[in-house]
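Following: one structure in structure tokens, then a few remarks.
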Amino acid sequence: MEKIIIFYKYIFIEYPKRILKWQTKVCQDLHLTGRIILAHEGINGTLAGTETALAHYKTLMEKHSLFAAIDFKESVGNANHFPRLRIKIKPEIVNLGQCTEKISATNGGTHLSPTQAHALIAQKNDTVVIFDARNACESAIGRFDGAITPDIAHFRDLPAYIDTHLDLFKDKEVLMYCTAGIRCERASAYLNTKNVAKKVYQLTGGIQRYTQQFPHGFFRGKNYVFDGRVVMPVTADIMATCAICSAPCDDYTNCLHASCNKHFIGCISCLQHLKNCCSTHCYTMIYHHNAPQRPPLHKNSYTVLP
């Protein structure tokens, strides 16, 4: 049986290239696929493989002086969601666009367990702000009740959003959350530098850990993931609407017009009518303007209807 593991650790890595070589050999030997990002500030990974191979990988990581005590999160999936292995060295393990020395996870918000976060949300206190640190495409299909969901396209846009909305956090207790916890580590640290919130918390393990413990808790809809699965259902609530007709819908696809490739929510009826295009313009470009030739389907298109 195959699974997917998600993990990260903020830990100073003096020689990322050495870790890259070691990780490449280990993953290749165990036939693991997925992606790992390394930086001086730590490691961020998502890997797919057999249960036996993943268990061996976790054992090797636990024995390493830098990577012991990592919280490995398991999820349903297989190697088909990751056709290859990619290991890269980058300035940040998640791109906040801020200096890793000035905005460090060591100065992040206080960690709350899913149980503690659940209790805080249950108070329904006006002095508590629930803040989504993810992108708009993620929060559109699933979010915590009453959460502030920034209209941002990329994680690196979050600091600017915080800077222009400081009044939202003034004298408040802020509970920040993301998919698995990694983005909140430094995002909460950034908010802490503004000295406006009464207290900043971060949800340990993110949505994934919370929904495992509270599948019928305060999170509604689906959890967006950055691989071939795209979404992981949590509750039956439909939180979004079709970008074309506004009907209730939360299924993502990529526009068939390769030069557009817009990642959008589309209902089955509209996708059938426009043949997987996001608009009549893209439909015309493929089936009329460029007929009989069609631009190639973009490799990241997830849904293709006949």
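Letters A, B, ... mark the chains of the structure tokens in the order given; residue numbers begin at 1 per chain; ligand numbers begin at 1, in order shown.
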Next on the checklist: I'd like the contact shell of A:Thr52 - 10 Å cut-off, only C-alpha atoms, skipping same-chain residues fewer than 6 positions apart - returned as a VMD selection string.
Outcome noted: chain A and resid 1 to 3 30
Item to check | Residues within 12 Å of A:Glu41, only C-alpha atoms, excluding chain neighbours under 3 positions, as a PyMOL selection string | outcome: chain A and resi 8-16+37-38+44+66+89-95+99-106+185-186
Dump as a compact mmCIF listing (two decimals), in the first residue's frame, selection limited to C-alpha atoms:
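Writing the result to out18.txt gives the following:
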```txt
# COMPACT_ATOMS: atom_id res chain seq x y z
CA TYR A 8 9.05 20.15 7.48
CA LYS A 9 11.53 21.35 10.03
CA TYR A 10 13.02 24.76 10.62
CA ILE A 11 16.60 23.96 11.52
CA PHE A 12 19.84 25.62 10.44
CA ILE A 13 21.49 23.63 7.65
CA GLU A 14 25.05 24.79 7.12
CA TYR A 15 25.66 22.77 3.94
CA PRO A 16 22.39 22.28 2.01
CA ILE A 37 12.98 21.97 -0.73
CA LEU A 38 16.15 22.70 1.21
CA ASN A 44 10.18 21.07 3.48
CA LEU A 66 19.41 17.61 12.14
CA ILE A 89 17.93 24.29 -2.80
CA LYS A 90 16.19 27.66 -2.43
CA PRO A 91 16.57 30.78 -0.27
CA GLU A 92 13.44 29.85 1.72
CA ILE A 93 11.64 26.54 2.24
CA VAL A 94 8.38 28.45 1.68
CA ASN A 95 8.54 31.70 -0.24
CA CYS A 99 14.84 37.73 5.03
CA THR A 100 15.06 34.42 6.88
CA GLU A 101 17.29 35.96 9.54
CA LYS A 102 14.97 38.87 10.27
CA ILE A 103 11.74 36.89 9.99
CA SER A 104 12.57 33.57 11.61
CA ALA A 105 10.36 30.73 12.78
CA THR A 106 12.03 31.05 16.17
CA GLU A 185 5.78 29.48 11.38
CA ARG A 186 7.19 32.56 9.65
```
Item to check | Long-range neighbours of A:Ile182 as a PyMOL selection string, 12 Å cut-off, only C-alpha atoms, 4 positions minimum in chain | outcome: chain A and resi 6-10+42-45+71+73+92-96+104-105+108+111+133-134+155+176-178+186-189+202-208
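If you count only C-alpha atoms and ignore residues fewer than 4 places along the chain from stretch 248-254 of chain A, what sits within 7 Å of it is Ile141, Ile238, Met239, Ala240, Thr241, Cys242, Asn261, Lys262, His263, Phe264, Ile265, Gly266, Cys267, Ser301, Tyr302 and Thr303 of chain A.
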Residues near A:Cys282, cut-off 10 Å, only C-alpha atoms, skip fewer than 5 positions along chain, as a PDB file with N, CA and C atoms, in the first residue's frame:
```pdb
ATOM      1  N   CYS A 255      -7.552  25.790 -17.415  1.00  0.00           N
ATOM      2  CA  CYS A 255      -8.087  26.099 -18.735  1.00  0.00           C
ATOM      3  C   CYS A 255      -7.332  25.328 -19.809  1.00  0.00           C
ATOM      4  N   LEU A 256      -8.081  24.738 -20.736  1.00  0.00           N
ATOM      5  CA  LEU A 256      -7.488  23.925 -21.793  1.00  0.00           C
ATOM      6  C   LEU A 256      -6.625  24.753 -22.744  1.00  0.00           C
ATOM      7  N   HIS A 257      -6.909  26.060 -22.814  1.00  0.00           N
ATOM      8  CA  HIS A 257      -6.114  26.941 -23.661  1.00  0.00           C
ATOM      9  C   HIS A 257      -4.748  27.132 -23.002  1.00  0.00           C
ATOM     10  N   ALA A 258      -3.728  26.518 -23.561  1.00  0.00           N
ATOM     11  CA  ALA A 258      -2.421  26.441 -22.906  1.00  0.00           C
ATOM     12  C   ALA A 258      -1.828  27.805 -22.580  1.00  0.00           C
ATOM     13  N   SER A 259      -2.042  28.797 -23.419  1.00  0.00           N
ATOM     14  CA  SER A 259      -1.472  30.113 -23.156  1.00  0.00           C
ATOM     15  C   SER A 259      -2.217  30.837 -22.032  1.00  0.00           C
ATOM     16  N   CYS A 260      -3.387  30.332 -21.660  1.00  0.00           N
ATOM     17  CA  CYS A 260      -4.138  30.879 -20.532  1.00  0.00           C
ATOM     18  C   CYS A 260      -3.825  30.051 -19.281  1.00  0.00           C
ATOM     19  N   ASN A 261      -4.190  28.783 -19.319  1.00  0.00           N
ATOM     20  CA  ASN A 261      -3.913  27.843 -18.224  1.00  0.00           C
ATOM     21  C   ASN A 261      -4.433  28.327 -16.869  1.00  0.00           C
ATOM     22  N   LEU A 274     -18.067  24.530 -22.508  1.00  0.00           N
ATOM     23  CA  LEU A 274     -16.897  25.246 -23.020  1.00  0.00           C
ATOM     24  C   LEU A 274     -15.699  24.329 -23.251  1.00  0.00           C
ATOM     25  N   LYS A 275     -15.936  23.029 -23.174  1.00  0.00           N
ATOM     26  CA  LYS A 275     -14.891  22.026 -23.435  1.00  0.00           C
ATOM     27  C   LYS A 275     -13.622  22.300 -22.619  1.00  0.00           C
ATOM     28  N   ASN A 276     -13.830  22.465 -21.336  1.00  0.00           N
ATOM     29  CA  ASN A 276     -12.746  22.669 -20.375  1.00  0.00           C
ATOM     30  C   ASN A 276     -12.006  24.000 -20.509  1.00  0.00           C
ATOM     31  N   CYS A 277     -12.626  24.979 -21.106  1.00  0.00           N
ATOM     32  CA  CYS A 277     -12.049  26.326 -21.167  1.00  0.00           C
ATOM     33  C   CYS A 277     -12.660  27.182 -20.062  1.00  0.00           C
ATOM     34  N   TYR A 287     -11.167  26.528 -30.583  1.00  0.00           N
ATOM     35  CA  TYR A 287     -12.038  25.799 -31.491  1.00  0.00           C
ATOM     36  C   TYR A 287     -12.475  26.582 -32.726  1.00  0.00           C
ATOM     37  N   HIS A 288     -12.188  27.873 -32.774  1.00  0.00           N
ATOM     38  CA  HIS A 288     -12.578  28.656 -33.942  1.00  0.00           C
ATOM     39  C   HIS A 288     -11.399  29.452 -34.510  1.00  0.00           C
ATOM     40  N   HIS A 289     -10.807  30.308 -33.674  1.00  0.00           N
ATOM     41  CA  HIS A 289      -9.728  31.170 -34.159  1.00  0.00           C
ATOM     42  C   HIS A 289      -8.544  30.361 -34.694  1.00  0.00           C
TER      43      HIS A 289
END
```
Item to check | Within 6 Å of A:Val200 using only C-alpha atoms, minus same-chain residues under 3 positions, as a ChimeraX atom specification | outcome: /A:109,173-174
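The helix (DSSP H, G or I) portion of stretch 92-148 of chain A consists of Ala105, Thr106, Asn107, Pro114, Thr115, Gln116, Ala117, His118, Ala119, Leu120, Ile121, Ala122, Ala136, Cys137, Glu138 and Ser139 of chain A, with states taken from DSSP on the backbone.
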Take the selection from the previous step and output its residues with C-alpha atoms, as a PDB file, in the first residue's frame.
```
ATOM      1  CA  ALA A 105      10.357  30.732  12.783  1.00  0.00           C
ATOM      2  CA  THR A 106      12.034  31.052  16.168  1.00  0.00           C
ATOM      3  CA  ASN A 107       9.994  34.228  16.684  1.00  0.00           C
ATOM      4  CA  PRO A 114      -5.801  21.074  17.557  1.00  0.00           C
ATOM      5  CA  THR A 115      -7.592  20.581  20.873  1.00  0.00           C
ATOM      6  CA  GLN A 116      -6.463  23.968  22.196  1.00  0.00           C
ATOM      7  CA  ALA A 117      -7.342  25.706  18.925  1.00  0.00           C
ATOM      8  CA  HIS A 118     -10.755  24.022  18.874  1.00  0.00           C
ATOM      9  CA  ALA A 119     -11.462  25.272  22.387  1.00  0.00           C
ATOM     10  CA  LEU A 120     -10.365  28.810  21.481  1.00  0.00           C
ATOM     11  CA  ILE A 121     -12.606  28.912  18.393  1.00  0.00           C
ATOM     12  CA  ALA A 122     -15.519  27.448  20.359  1.00  0.00           C
ATOM     13  CA  ALA A 136      -7.251  32.776  -2.075  1.00  0.00           C
ATOM     14  CA  CYS A 137      -7.618  29.698  -4.302  1.00  0.00           C
ATOM     15  CA  GLU A 138      -7.150  27.515  -1.221  1.00  0.00           C
ATOM     16  CA  SER A 139      -9.489  29.332   1.147  1.00  0.00           C
TER      17      SER A 139
END
```
Checklist entry - Could you pull out the strand (DSSP E or B) residues of stretch 140-211 of chain A from DSSP and send them as a PyMOL selection string? => result chain A and resi 142-144+148+173-177+199-203
Checklist entry - Taking into account only C-alpha atoms, which residue in the set A:Ile244, A:Ala160, A:Ile19, A:Ala180 is nearest to A:Phe226? => result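 Once distances to A:Phe226 are computed over only C-alpha atoms, the minimum belongs to A:Ala180.
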Checklist entry - Excluding same-chain residues fewer than 4 positions from A:Leu85, what lies within 7 Å of it counting only C-alpha atoms, as JSON, numbers by chain? => result {"A": [33, 34, 35]}
Written file, previous selection with N, CA and C atoms, as a JSON list (two decimals), in the first residue's frame:
```json
[["chain", "number", "residue", "atom", "x", "y", "z"],
["A", 33, "THR", "N", 8.97, 9.24, -4.70],
["A", 33, "THR", "CA", 8.79, 10.39, -5.59],
["A", 33, "THR", "C", 8.19, 11.53, -4.78],
["A", 34, "GLY", "N", 8.25, 12.74, -5.34],
["A", 34, "GLY", "CA", 7.72, 13.90, -4.65],
["A", 34, "GLY", "C", 8.66, 15.07, -4.77],
["A", 35, "ARG", "N", 8.62, 15.96, -3.79],
["A", 35, "ARG", "CA", 9.49, 17.14, -3.86],
["A", 35, "ARG", "C", 9.99, 17.50, -2.47]]
```
Next on the checklist: Here is a test: counting only C-alpha atoms, which residue of A:Thr127, A:Asn135, A:Thr46, A:Gln98 is nearest to A:Leu168?
Outcome noted: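 Under the stated criterion, the closest residue is A:Thr127.
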Checklist entry - Out of A:Ala55, A:Ile70, A:Ile87, A:Val225, which residue has the shortest atom-to-atom distance to A:Gln23 when counting only C-alpha atoms? => result A:Ile87
Next on the checklist: Can you measure atom CA of A:Arg143 to atom CA of A:Leu158 for me? One decimal in Å is fine.
Outcome noted: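 Separation between atom CA of A:Arg143 and atom CA of A:Leu158: 16.8 Å.
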